[in-house]
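Everything below concerns the one structure shown next.
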Amino acid sequence: MTTPLVDLFLEAVAIDAVSLHEAPVVRFIREKLSGLPVRIVQDGTGPVAGGETGNIFCIPPTFDPARPAVALLAHMDTPRSTANVRPVLSESRISSDGTTTLGVDNRAGVSVLLHVLSEHVRKGLSGNFIVVFTFGEEIGMYGSKHVDLQPYNVKMCFVFDCSKRPGTFIQSAVGSSLYTAVFHGKSSHAGVAPEKGVNAIQIAARALGALAVGRLSPTMTANIGMIAGGEATNVVPDRCRVDGEVREFNQRSIDEYLAEVEEKFSRVATDNGGSLTFESQIDFPPFVLDPDSEAFRTMTETLASVGLSPNPIQYLGGSDANMLNAKGIPAINIGIGAQNPHGNDEFILLEDLAKTVEIAEALIARSIG
């Protein structure tokens, strides 16, 4: 037997809307809030990142910008297409049939916040809050990078996007920096005059062979994610591009690792008759929330009020909370039970879906002041 919340979630996962193509979700949000006294504002940040839509702000009639407000957030995109999803509803959970991803990340967050906002307004309840749906989270937190919450006097944010079960929340999260290393060699005919060439792919291979990747420490990971080079098998390649990332809770440690990678790569390139072009950028910054902060206390007290034991954790993934904290707005990513995200074995327990609604309602109740 389904409930309005479960029905809403099943509708949401059927929407095919990957990163930068969230327009169908925007239509879904507008449809579900149609006829309710909720002001919907769409900012113009989407085109900046090459997207179809910007961030969506849903403002209930009780919102007062003159008083400090709370923002509840979820992202509208999924990392993979859900075009052919076939949800399977059992007595305890919702999953896919195993042939596709379910889209629980983050259709669960979207469904919970839409449900809570609709019920709140229909019942005429109080609360100084807004609901924000962001775009492009899965490919770089584009929405939260560009979102402007100042006009809404937002003092703290709660992001409904963590795969952990309700009760767990992220107190600190790693930052991630990306780098591109281009190894330059010299092209030549591979059969007629290989001696005249300098093989950039071979240089890259030697450099990568000397580089530590994987879990470098309990708090740092590094990865080589992409490599590309060459034009044809009969041409000594003069260019090979390598793309990687590093994650850590401390930006200084990230910067030190990147400097070490550049130095090692450059030395190998020079020693083998080539050269290196190296560029890096912050993908998302790390954050650590102070246990004495208002946001941390609000989170722990809210979880306790709905019968959960608060469980603050460190997390090696990023979310919109990273970007919001970087803007100086305390933000906490909340466990909603969207388990095994991005895989075909994604699922969510019905009890976790319902409990996440309780958390959102309790946060709104606390926003009354």
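In the structure tokens, chains take letters A, B, ... by order of appearance, with residues numbered from 1 within each chain and ligands from 1 in the order shown.
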Closest atom pairs, region 163-212 of chain A residues within 7 Å of region 330-334 of chain A, only C-alpha atoms, as JSON lines:
{"residue": "A:Thr168", "atom": "CA", "partner": "A:Ile334", "partner_atom": "CA", "distance": 6.6}
{"residue": "A:Phe169", "atom": "CA", "partner": "A:Ile334", "partner_atom": "CA", "distance": 4.6}
{"residue": "A:Ile170", "atom": "CA", "partner": "A:Asn333", "partner_atom": "CA", "distance": 5.5}
{"residue": "A:Gln171", "atom": "CA", "partner": "A:Ile332", "partner_atom": "CA", "distance": 6.9}
Exercise for the section: Identify, on the basis of only C-alpha atoms, every residue whose closest approach to Lys123 (chain A) does not exceed 12 Å; exclude the query and any residue fewer than 4 positions from it along the same chain; express the result as a list in words. Expected result: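 After dropping sequence-adjacent residues, the list is Leu36, Pro37, Pro60, Pro61, Thr62, Val116, Leu117, Ser118, Glu119 and Gly127 of chain A.
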Handout entry: Residue neighbourhood Ile139 (chain A), 12 Å, only C-alpha atoms, exclusion window fewer than 3 positions, as a list in words
Key = Val18, Ser19, Leu20, His21, Ala49, Gly50, Gly51, His75, Asp77, Thr78, Pro79, Arg80, Phe135, Gly136, Tyr142, Gly143, Ser144, Lys145, Asp283, Phe284, Gly318, Ser319 and Asp320 of chain A
What does the file look like for those residues with C-alpha atoms, as a JSON list (two decimals), in the first residue's frame?
[["chain", "number", "residue", "atom", "x", "y", "z"],
["A", 18, "VAL", "CA", 20.64, 14.43, -15.60],
["A", 19, "SER", "CA", 22.98, 17.29, -14.74],
["A", 20, "LEU", "CA", 22.34, 20.54, -16.66],
["A", 21, "HIS", "CA", 19.10, 19.07, -18.06],
["A", 49, "ALA", "CA", 27.19, 26.77, -16.37],
["A", 50, "GLY", "CA", 25.61, 25.70, -19.67],
["A", 51, "GLY", "CA", 22.44, 24.40, -18.04],
["A", 75, "HIS", "CA", 19.50, 18.98, -5.94],
["A", 77, "ASP", "CA", 19.87, 16.30, -11.14],
["A", 78, "THR", "CA", 20.74, 12.62, -11.14],
["A", 79, "PRO", "CA", 24.22, 11.40, -12.15],
["A", 80, "ARG", "CA", 22.79, 8.83, -14.56],
["A", 135, "PHE", "CA", 21.03, 22.26, -10.46],
["A", 136, "GLY", "CA", 24.22, 20.57, -11.62],
["A", 142, "TYR", "CA", 27.15, 24.33, -10.04],
["A", 143, "GLY", "CA", 23.90, 25.48, -8.48],
["A", 144, "SER", "CA", 25.30, 26.05, -5.00],
["A", 145, "LYS", "CA", 28.42, 27.69, -6.46],
["A", 283, "ASP", "CA", 36.48, 21.63, -7.47],
["A", 284, "PHE", "CA", 34.93, 22.12, -4.06],
["A", 318, "GLY", "CA", 31.29, 16.52, -1.55],
["A", 319, "SER", "CA", 27.86, 18.13, -1.69],
["A", 320, "ASP", "CA", 26.14, 21.50, -1.90]]
Exercise for the section: Using only C-alpha atoms, pick whichever of A:Ala295, A:Ala74, A:Ile224, A:Ala181 has the shortest atom-to-atom distance to Ser367 (chain A). Expected result: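 Nearest candidate to Ser367 (chain A) out of A:Ala295, A:Ala74, A:Ile224, A:Ala181: A:Ala295.
Proximity ranking of A:Val147, A:Val70, A:Val104, A:Leu89 relative to Val48 (chain A) places A:Val147 first, based on only C-alpha atoms.
Ranking A:Ala354, A:Val13, A:Ala200, A:Leu178 by their shortest atom-to-atom distance to Val110 (chain A), with only C-alpha atoms included, puts A:Val13 first.
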